[in-house]
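Note: the block below is model.txt and it holds compact mmCIF, C-alpha atoms.
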# COMPACT_ATOMS: atom_id res chain seq x y z
CA MET W 1 -8.68 9.02 42.95
CA ASN W 2 -6.26 11.93 42.75
CA VAL W 3 -6.28 14.21 39.72
CA GLY W 4 -3.45 16.61 38.91
CA ARG W 5 -1.55 16.26 42.22
CA SER W 6 0.00 13.00 41.08
CA ALA W 7 1.69 14.50 38.01
CA MET W 8 5.17 13.67 39.30
CA LEU W 9 4.19 10.08 40.08
CA PHE W 10 2.54 9.74 36.69
CA ALA W 11 5.61 11.01 34.84
CA THR W 12 8.02 8.73 36.68
CA GLY W 13 9.50 6.21 34.28
CA ALA W 14 7.88 7.77 31.22
CA VAL W 15 9.91 7.70 28.03
CA LEU W 16 10.38 11.30 26.96
CA ALA W 17 11.11 12.40 23.43
CA ALA W 18 14.78 12.30 22.49
CA ALA W 19 14.20 14.48 19.48
CA VAL W 20 11.49 16.69 18.02
CA VAL W 21 8.98 14.75 15.93
CA SER W 22 8.16 16.55 12.72
CA GLY W 23 4.52 17.24 11.99
CA GLN W 24 5.13 16.70 8.28
CA ILE W 25 3.26 13.67 6.97
CA THR W 26 3.11 12.54 3.36
CA TRP W 27 -0.26 10.95 2.60
CA HIS W 28 -1.11 8.75 -0.36
CA GLU W 29 -4.06 6.60 -1.37
CA LEU W 30 -4.26 2.81 -1.09
CA PRO W 31 -6.96 0.60 -2.67
CA PRO W 32 -10.28 1.71 -1.14
CA LEU W 33 -12.48 -0.41 1.09
CA PRO W 34 -15.13 -2.44 -0.77
CA VAL W 35 -17.82 -0.30 0.91
CA GLY W 36 -17.78 2.77 3.11
CA LEU W 37 -17.29 1.75 6.74
CA ALA W 38 -17.19 3.24 10.23
CA GLY W 39 -17.57 1.98 13.78
CA GLY W 40 -15.79 -1.32 13.20
CA ALA W 41 -12.52 -2.71 14.57
CA SER W 42 -9.24 -2.92 12.68
CA ALA W 43 -5.98 -4.73 13.32
CA LEU W 44 -2.58 -5.32 11.75
CA VAL W 45 -2.16 -9.09 11.35
CA GLY W 46 0.50 -11.45 10.02
CA GLY W 47 2.22 -10.64 6.75
CA GLY W 48 1.28 -6.98 7.01
CA LYS W 49 -2.39 -7.71 6.32
CA ILE W 50 -5.06 -5.33 7.61
CA LEU W 51 -8.29 -6.67 9.05
CA TYR W 52 -11.49 -4.65 9.48
CA ALA W 53 -14.38 -6.32 11.33
CA GLY W 54 -18.00 -5.22 11.67
CA GLY W 55 -19.06 -1.57 11.71
CA THR W 56 -21.83 0.21 9.83
CA THR W 57 -22.51 1.45 6.34
CA TRP W 58 -25.37 3.25 4.60
CA ILE W 59 -27.19 1.85 1.55
CA ASP W 60 -30.00 3.82 -0.13
CA GLY W 61 -30.43 5.95 2.97
CA VAL W 62 -30.71 2.96 5.34
CA LYS W 63 -28.12 2.21 8.02
CA GLN W 64 -26.71 -1.29 7.81
CA TRP W 65 -25.15 -3.14 10.78
CA LEU W 66 -22.37 -5.41 9.63
CA ARG W 67 -20.82 -8.72 10.65
CA ASP W 68 -18.53 -8.76 7.61
CA VAL W 69 -14.76 -8.99 7.99
CA ARG W 70 -12.57 -7.41 5.31
CA VAL W 71 -8.90 -8.35 4.90
CA TYR W 72 -6.41 -6.27 2.92
CA ASP W 73 -3.51 -8.15 1.32
CA PRO W 74 -0.62 -5.72 0.68
CA GLY W 75 1.02 -8.18 -1.71
CA GLY W 76 -1.95 -8.39 -4.03
CA LYS W 77 -3.14 -4.87 -3.12
CA SER W 78 -6.65 -6.26 -2.78
CA TRP W 79 -9.47 -6.66 -0.26
CA ASN W 80 -10.82 -10.14 0.50
CA SER W 81 -13.42 -11.59 2.86
CA GLY W 82 -12.54 -13.03 6.28
CA PRO W 83 -14.52 -15.06 8.82
CA GLY W 84 -17.74 -13.18 9.64
CA LEU W 85 -18.62 -12.07 13.15
CA PRO W 86 -21.21 -14.19 15.01
CA GLU W 87 -23.42 -11.08 15.20
CA PRO W 88 -23.38 -7.60 13.61
CA LEU W 89 -21.45 -5.20 15.85
CA ALA W 90 -20.37 -1.57 15.76
CA TYR W 91 -19.14 1.08 18.22
CA GLY W 92 -17.69 -1.42 20.70
CA GLY W 93 -14.27 -1.75 22.30
CA ARG W 94 -11.30 -3.40 20.60
CA ILE W 95 -8.11 -5.14 21.67
CA ALA W 96 -5.64 -6.10 18.95
CA THR W 97 -2.54 -8.18 19.69
CA ALA W 98 -0.04 -10.06 17.55
CA GLY W 99 -2.19 -13.18 17.42
CA ARG W 100 -5.78 -12.11 17.87
CA LEU W 101 -8.45 -9.42 17.65
CA GLU W 102 -11.13 -9.08 20.31
CA ILE W 103 -14.28 -6.97 20.00
CA LEU W 104 -15.90 -6.11 23.31
CA GLY W 105 -19.58 -5.25 23.16
CA GLY W 106 -21.15 -2.70 20.86
CA LEU W 107 -24.44 -2.03 19.16
CA ASN W 108 -26.57 -3.51 16.38
CA GLN W 109 -30.12 -3.35 15.10
CA ASN W 110 -31.33 -5.19 18.22
CA GLY W 111 -29.74 -2.73 20.68
CA PRO W 112 -26.61 -2.91 22.82
CA SER W 113 -24.68 -6.18 23.03
CA ARG W 114 -22.39 -7.07 25.92
CA ASN W 115 -20.90 -10.06 24.12
CA CYS W 116 -17.14 -10.21 23.66
CA TRP W 117 -15.86 -12.04 20.58
CA ARG W 118 -12.27 -13.09 19.88
CA LEU W 119 -10.73 -13.96 16.52
CA ASP W 120 -7.63 -16.13 16.72
CA TYR W 121 -5.78 -15.58 13.46
CA ASP W 122 -4.25 -19.06 13.30
CA LEU W 123 -7.64 -20.75 13.82
CA GLY W 124 -9.51 -18.38 11.52
CA ARG W 125 -12.69 -18.35 13.59
CA TRP W 126 -14.44 -16.30 16.27
CA SER W 127 -15.12 -17.57 19.78
CA LYS W 128 -16.97 -16.01 22.68
CA SER W 129 -14.54 -14.56 25.23
CA GLY W 130 -16.94 -13.27 27.88
CA LEU W 131 -19.43 -10.54 28.71
CA LEU W 132 -18.94 -6.87 29.53
CA PRO W 133 -19.98 -5.74 33.03
CA GLN W 134 -22.05 -2.92 31.50
CA ASP W 135 -23.13 -1.63 28.09
CA GLY W 136 -20.01 -0.55 26.22
CA VAL W 137 -21.29 1.43 23.22
CA LEU W 138 -18.84 4.23 22.30
CA SER W 139 -16.48 3.11 25.09
CA ARG W 140 -12.71 2.79 24.94
CA VAL W 141 -10.87 -0.41 25.87
CA GLU W 142 -7.09 -0.55 26.26
CA ARG W 143 -4.69 -3.30 27.30
CA VAL W 144 -1.85 -2.52 29.70
CA GLY W 145 0.31 -5.51 30.57
CA SER W 146 -1.96 -8.49 31.18
CA ALA W 147 -5.02 -6.41 32.16
CA ASP W 148 -7.71 -4.73 30.05
CA TYR W 149 -9.36 -1.44 31.01
CA LEU W 150 -12.85 -0.38 29.94
CA PHE W 151 -13.45 3.38 30.08
CA GLY W 152 -17.11 4.35 30.23
CA GLY W 153 -19.67 3.11 27.75
CA CYS W 154 -23.22 3.96 26.73
CA SER W 155 -26.44 2.12 25.99
CA ASP W 156 -26.94 3.84 22.64
CA ALA W 157 -25.09 5.91 20.06
CA ALA W 158 -27.93 8.43 19.71
CA VAL W 159 -29.24 10.93 22.25
CA PRO W 160 -30.10 10.04 24.96
CA MET W 161 -26.96 7.91 25.13
CA HIS W 162 -27.21 6.94 28.83
CA CYS W 163 -23.46 6.82 29.42
CA SER W 164 -21.33 5.70 32.37
CA SER W 165 -18.23 7.20 33.98
CA ILE W 166 -17.03 3.90 35.48
CA VAL W 167 -13.63 2.38 34.73
CA TRP W 168 -13.51 -1.44 34.80
CA LYS W 169 -10.46 -3.69 34.87
CA ARG W 170 -10.40 -7.24 33.48
CA ASP W 171 -7.67 -9.36 35.02
CA ALA W 172 -5.74 -12.19 33.37
CA GLY W 173 -8.42 -14.62 34.57
CA GLY W 174 -11.18 -12.77 32.73
CA LYS W 175 -12.85 -11.25 35.80
CA TRP W 176 -14.09 -7.66 35.60
CA ILE W 177 -13.43 -5.49 38.67
CA ARG W 178 -14.57 -1.92 39.17
CA ALA W 179 -11.36 0.15 39.14
CA GLY W 180 -12.69 3.69 39.66
CA GLU W 181 -14.27 6.48 37.64
CA MET W 182 -13.20 8.87 34.93
CA PRO W 183 -12.39 12.25 36.52
CA ASP W 184 -14.49 14.30 34.10
CA GLY W 185 -17.67 12.25 34.22
CA ALA W 186 -19.56 10.28 31.59
CA ILE W 187 -17.70 11.00 28.35
CA ALA W 188 -18.21 9.06 25.10
CA LEU W 189 -16.42 8.98 21.74
CA ARG W 190 -13.00 9.72 23.19
CA ALA W 191 -9.71 9.05 21.46
CA SER W 192 -7.47 6.72 23.46
CA VAL W 193 -4.06 5.09 23.19
CA VAL W 194 -1.54 3.30 25.39
CA MET W 195 2.00 4.63 25.56
CA ASP W 196 4.76 3.74 28.02
CA GLY W 197 2.36 1.83 30.26
CA ARG W 198 -0.14 4.69 30.56
CA VAL W 199 -3.54 5.25 28.95
CA TYR W 200 -4.14 8.64 27.31
CA LEU W 201 -7.70 9.89 26.68
CA PHE W 202 -8.59 12.89 24.51
CA GLY W 203 -11.77 14.81 23.70
CA GLY W 204 -15.14 13.12 23.37
CA CYS W 205 -18.65 14.33 24.10
CA SER W 206 -21.29 14.36 26.79
CA GLU W 207 -24.98 15.15 26.97
CA GLY W 208 -25.76 18.75 27.84
CA GLN W 209 -28.50 21.30 27.44
CA GLY W 210 -29.70 21.18 23.87
CA GLY W 211 -27.98 17.90 22.97
CA VAL W 212 -24.43 16.62 22.64
CA VAL W 213 -21.53 18.84 23.75
CA ASN W 214 -18.01 18.28 22.41
CA ARG W 215 -15.18 18.28 24.95
CA ASP W 216 -11.53 19.35 24.87
CA ASN W 217 -10.59 17.32 27.97
CA ALA W 218 -7.35 15.34 28.01
CA TYR W 219 -6.19 12.97 30.76
CA GLY W 220 -3.54 10.38 31.40
CA TYR W 221 -4.20 7.31 33.54
CA ASN W 222 -1.53 5.24 35.28
CA PRO W 223 -2.96 1.75 35.93
CA ALA W 224 -0.08 0.86 38.26
CA THR W 225 -1.13 3.56 40.75
CA ALA W 226 -4.75 4.18 39.63
CA GLN W 227 -3.78 7.87 39.39
CA TRP W 228 -5.11 10.39 36.86
CA ARG W 229 -3.19 13.35 35.49
CA LYS W 230 -4.96 16.25 33.83
CA LEU W 231 -3.20 17.18 30.59
CA SER W 232 -3.28 20.38 28.57
CA PRO W 233 -6.67 20.62 26.86
CA LEU W 234 -6.98 19.93 23.16
CA PRO W 235 -6.65 22.95 20.87
CA VAL W 236 -10.32 22.44 19.94
CA ALA W 237 -13.30 20.57 21.41
CA VAL W 238 -13.89 17.45 19.30
CA ARG W 239 -15.52 14.04 19.44
CA GLY W 240 -14.78 10.95 17.36
CA MET W 241 -11.09 11.76 17.03
CA SER W 242 -8.65 8.86 16.55
CA ALA W 243 -5.29 8.30 18.25
CA ALA W 244 -2.12 6.29 17.65
CA SER W 245 1.26 6.21 19.36
CA VAL W 246 3.94 7.36 16.92
CA ARG W 247 7.58 7.25 17.95
CA SER W 248 8.83 7.74 21.47
CA GLY W 249 6.67 9.97 23.65
CA HIS W 250 4.38 11.23 20.88
CA ILE W 251 0.73 10.60 20.00
CA LEU W 252 -0.96 11.36 16.68
CA LEU W 253 -4.57 12.63 16.90
CA ALA W 254 -6.60 12.77 13.71
CA GLY W 255 -10.04 13.72 12.40
CA GLY W 256 -13.24 13.94 14.41
CA TYR W 257 -16.33 16.12 14.58
CA GLN W 258 -16.08 19.71 15.81
CA GLU W 259 -18.75 22.37 16.22
CA SER W 260 -18.04 23.42 12.63
CA GLY W 261 -18.46 19.86 11.32
CA PHE W 262 -16.21 17.00 10.25
CA THR W 263 -12.52 17.87 10.36
CA ASP W 264 -9.28 16.79 8.70
CA ASP W 265 -7.15 18.19 11.56
CA VAL W 266 -4.09 16.23 12.65
CA TRP W 267 -2.19 17.02 15.86
CA ILE W 268 0.94 15.58 17.43
CA TYR W 269 0.83 15.47 21.23
CA ASP W 270 4.24 15.58 22.95
CA ALA W 271 3.81 13.78 26.28
CA GLY W 272 7.10 15.06 27.67
CA LEU W 273 6.26 18.72 27.00
CA ASP W 274 2.47 18.31 27.41
CA ARG W 275 1.73 20.27 24.26
CA TYR W 276 0.17 19.89 20.81
CA GLU W 277 1.66 20.74 17.42
CA ARG W 278 -0.37 20.92 14.23
CA ALA W 279 0.61 18.32 11.61
CA THR W 280 -0.18 17.80 7.93
CA PRO W 281 -3.98 17.35 7.70
CA LEU W 282 -5.72 14.25 6.44
CA PRO W 283 -6.63 14.21 2.74
CA PHE W 284 -10.31 14.24 3.76
CA PRO W 285 -12.38 15.18 6.83
CA ALA W 286 -13.97 12.34 8.81
CA SER W 287 -14.88 11.13 12.28
CA GLY W 288 -14.21 7.66 13.67
CA ILE W 289 -11.33 6.82 11.36
CA ASP W 290 -9.46 3.64 12.25
CA LEU W 291 -5.76 4.38 12.77
CA ILE W 292 -2.89 1.89 12.76
CA ALA W 293 0.66 3.12 13.33
CA ASN W 294 3.76 1.01 12.77
CA ASP W 295 7.36 2.25 12.65
CA GLY W 296 6.58 5.76 11.45
CA VAL W 297 3.91 4.63 8.96
CA ILE W 298 0.25 5.48 9.64
CA LEU W 299 -2.69 3.67 8.06
CA ALA W 300 -6.14 5.29 8.17
CA LEU W 301 -9.33 3.49 7.14
CA GLY W 302 -12.93 4.49 6.64
CA GLY W 303 -14.81 6.84 8.95
CA GLU W 304 -17.95 8.97 8.86
CA ASP W 305 -17.23 11.60 6.22
CA ARG W 306 -20.65 13.27 6.32
CA MET W 307 -24.02 12.64 7.90
CA ARG W 308 -25.55 9.33 6.78
CA SER W 309 -22.40 8.44 4.87
CA ARG W 310 -19.30 6.30 5.34
CA SER W 311 -15.91 6.68 3.67
CA ARG W 312 -14.22 4.02 1.54
CA ARG W 313 -10.88 5.81 1.76
CA PHE W 314 -7.79 3.86 2.81
CA ILE W 315 -4.68 6.00 3.07
CA GLN W 316 -1.10 5.68 4.21
CA GLY W 317 0.93 8.41 5.85
CA THR W 318 4.70 8.51 6.26
CA MET W 319 6.18 10.73 8.96
CA LYS W 320 9.35 12.70 8.27
Whole structure given in structure tokens:
Amino acid sequence: MNVGRSAMLFATGAVLAAAVVSGQITWHELPPLPVGLAGGASALVGGGKILYAGGTTWIDGVKQWLRDVRVYDPGGKSWNSGPGLPEPLAYGGRIATAGRLEILGGLNQNGPSRNCWRLDYDLGRWSKSGLLPQDGVLSRVERVGSADYLFGGCSDAAVPMHCSSIVWKRDAGGKWIRAGEMPDGAIALRASVVMDGRVYLFGGCSEGQGGVVNRDNAYGYNPATAQWRKLSPLPVAVRGMSAASVRSGHILLAGGYQESGFTDDVWIYDAGLDRYERATPLPFPASGIDLIANDGVILALGGEDRMRSRSRRFIQGTMK
């Protein structure tokens, strides 16, 4: 593993911005989720429908672990029920493609689950797609080409989290192979996104003296060379931030939990210039928001908006 020294190799072939991306975003409300949700997995499916599977909510002060699947129909502007998960799951990894959604591990009332479940949209049912090589609570999973990469993972979402720094690769045959380690140690609740064949990781938290410590770390990972590149640190240390690739060479980073509490901050990261620009904030502060970006339009769903609470908000942002 080589950190920093491989910056030139990492940048080779990257698509740099052809023009400055404006940080101006116009936000407006869409029909809210049926219940407040966070920790689930969302995907854009056929016909512009939005699917949200699993997660957690709070009812009368009690945390609920969910197997429910919610489907938003943009034509009818309504939320409907989809095929339920085989088990309640939250805080796991997610891979969304044109034809399927896969949830990899997570947590429920019985503890960590290493089960991987795949929903094929055309079949309308879940099937088991394998097992994780380690507990994957609060991990990040990203697909690059035909391979999937699991970054870290914990055994719990509460301190002590017992987290890992290992990076695993799942090949096209479904076999998990240890691919290395994250350069900054066991970090959970990172934001991650794939852009131009690279994985970008931002922020997160780790266990330190006195509890959980937010991080401002930012790294890029090139799976083709297994090289890491240290990026400019975030403007603020934050965990539970969300990321989406927006236009060529730019990543949108939104929300999270800072030392001062839940935040509505939105940043645009320019990969070519390795710098951050402040953008129009979210209409509400929250951590763990699900982001979906498509052709300059950003959809943001749910999130933890305060302690022991989940947001029902569903908003759409248009970039100028």
Problem set entry | Exercise: Met182 of chain W partners within 9 Å, all atoms listed in the file, chain neighbours under 5 positions left out, as an NGL selection string | :W and (151-152 or 165-167 or 187 or 228)
Exercise. In terms of the shortest atom-to-atom distance over all atoms listed in the file, which of W:Ile25, W:Cys116, W:Val62, W:Leu30 is closest to Ala254 of chain W?
Worked result: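 Checking each candidate against Ala254 of chain W, we get W:Ile25 as the closest.
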Contact table segment 107-154 of chain W vs segment 189-206 of chain W, cut-off 12 Å, shortest pair per residue, all atoms listed in the file, as a Markdown table:
| residue | atom | partner | partner_atom | distance |
| --- | --- | --- | --- | --- |
| W:Gly136 | CA | W:Leu189 | CA | 11.1 |
| W:Val137 | CA | W:Leu189 | CA | 9.1 |
| W:Leu138 | CA | W:Leu189 | CA | 5.4 |
| W:Ser139 | CA | W:Leu189 | CA | 6.8 |
| W:Arg140 | CA | W:Ser192 | CA | 6.7 |
| W:Val141 | CA | W:Ser192 | CA | 8.3 |
| W:Glu142 | CA | W:Val194 | CA | 6.8 |
| W:Arg143 | CA | W:Val194 | CA | 7.6 |
| W:Val144 | CA | W:Gly197 | CA | 6.1 |
| W:Gly145 | CA | W:Gly197 | CA | 7.6 |
| W:Ser146 | CA | W:Gly197 | CA | 11.2 |
| W:Ala147 | CA | W:Gly197 | CA | 11.2 |
| W:Asp148 | CA | W:Val199 | CA | 10.9 |
| W:Tyr149 | CA | W:Val199 | CA | 9.1 |
| W:Leu150 | CA | W:Val199 | CA | 10.9 |
| W:Phe151 | CA | W:Leu201 | CA | 9.3 |
| W:Gly152 | CA | W:Leu189 | CA | 9.7 |
| W:Gly153 | CA | W:Leu189 | CA | 9.0 |
| W:Cys154 | CA | W:Leu189 | CA | 9.8 |
Do you know which residues are at most 10 Å from segment 240-244 of chain W counting only C-alpha atoms, after dropping those on the same chain fewer than 2 positions away, and could you put them as a tab-separated table (two decimals) with C-alpha atoms, in the frame of the given file?
chain	number	residue	atom	x	y	z
W	138	LEU	CA	-18.84	4.23	22.30
W	188	ALA	CA	-18.21	9.06	25.10
W	189	LEU	CA	-16.42	8.98	21.74
W	190	ARG	CA	-13.00	9.72	23.19
W	191	ALA	CA	-9.71	9.05	21.46
W	192	SER	CA	-7.47	6.72	23.46
W	193	VAL	CA	-4.06	5.09	23.19
W	194	VAL	CA	-1.54	3.30	25.39
W	195	MET	CA	2.00	4.63	25.56
W	200	TYR	CA	-4.14	8.64	27.31
W	201	LEU	CA	-7.70	9.89	26.68
W	202	PHE	CA	-8.59	12.89	24.51
W	203	GLY	CA	-11.77	14.81	23.70
W	204	GLY	CA	-15.14	13.12	23.37
W	205	CYS	CA	-18.65	14.33	24.10
W	214	ASN	CA	-18.01	18.28	22.41
W	238	VAL	CA	-13.89	17.45	19.30
W	246	VAL	CA	3.94	7.36	16.92
W	247	ARG	CA	7.58	7.25	17.95
W	250	HIS	CA	4.38	11.23	20.88
W	251	ILE	CA	0.73	10.60	20.00
W	252	LEU	CA	-0.96	11.36	16.68
W	253	LEU	CA	-4.57	12.63	16.90
W	254	ALA	CA	-6.60	12.77	13.71
W	255	GLY	CA	-10.04	13.72	12.40
W	256	GLY	CA	-13.24	13.94	14.41
W	257	TYR	CA	-16.33	16.12	14.58
W	258	GLN	CA	-16.08	19.71	15.81
W	262	PHE	CA	-16.21	17.00	10.25
W	263	THR	CA	-12.52	17.87	10.36
W	264	ASP	CA	-9.28	16.79	8.70
W	265	ASP	CA	-7.15	18.19	11.56
W	266	VAL	CA	-4.09	16.23	12.65
W	267	TRP	CA	-2.19	17.02	15.86
W	268	ILE	CA	0.94	15.58	17.43
W	269	TYR	CA	0.83	15.47	21.23
W	286	ALA	CA	-13.97	12.34	8.81
W	287	SER	CA	-14.88	11.13	12.28
W	288	GLY	CA	-14.21	7.66	13.67
W	289	ILE	CA	-11.33	6.82	11.36
W	290	ASP	CA	-9.46	3.64	12.25
W	291	LEU	CA	-5.76	4.38	12.77
W	292	ILE	CA	-2.89	1.89	12.76
W	293	ALA	CA	0.66	3.12	13.33
W	294	ASN	CA	3.76	1.01	12.77
W	298	ILE	CA	0.25	5.48	9.64
W	299	LEU	CA	-2.69	3.67	8.06
W	300	ALA	CA	-6.14	5.29	8.17
W	303	GLY	CA	-14.81	6.84	8.95
W	304	GLU	CA	-17.95	8.97	8.86
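Between atom CA of Gly220 of chain W and atom CA of Ser155 of chain W lies a distance of 24.9 Å.
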Problem set entry | Surrounding residues of segment 87-91 of chain W excluding itself and chain neighbours under 3 positions, 7 Å, all atoms listed in the file, as an MDAnalysis selection string | chainID W and resid 39:40 54:56 65:67 106:108 137:138
Problem set entry | Close residues, Val297 of chain W itself excluded, 8 Å, only C-alpha atoms, min 4 positions apart in chain, as a PyMOL selection string | chain W and resi 293+316-319
For this session: Measure the distance from atom CA of Ile315 of chain W to atom CA of Leu301 of chain W in Å and round it to one decimal.
Result: 6.7 Å
Problem set entry | Distance of atom CA of His162 of chain W from atom CA of Glu207 of chain W, expressed in Å to one decimal place |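 Atom CA of His162 of chain W lies 8.7 Å from atom CA of Glu207 of chain W.
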Exercise. With only C-alpha atoms as the basis for distance, which of W:Val69, W:Ala98, W:Val35, W:Ala43 is at the shortest distance from Thr57 of chain W?
Worked result: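 Distance minimum relative to Thr57 of chain W lands on W:Val35.
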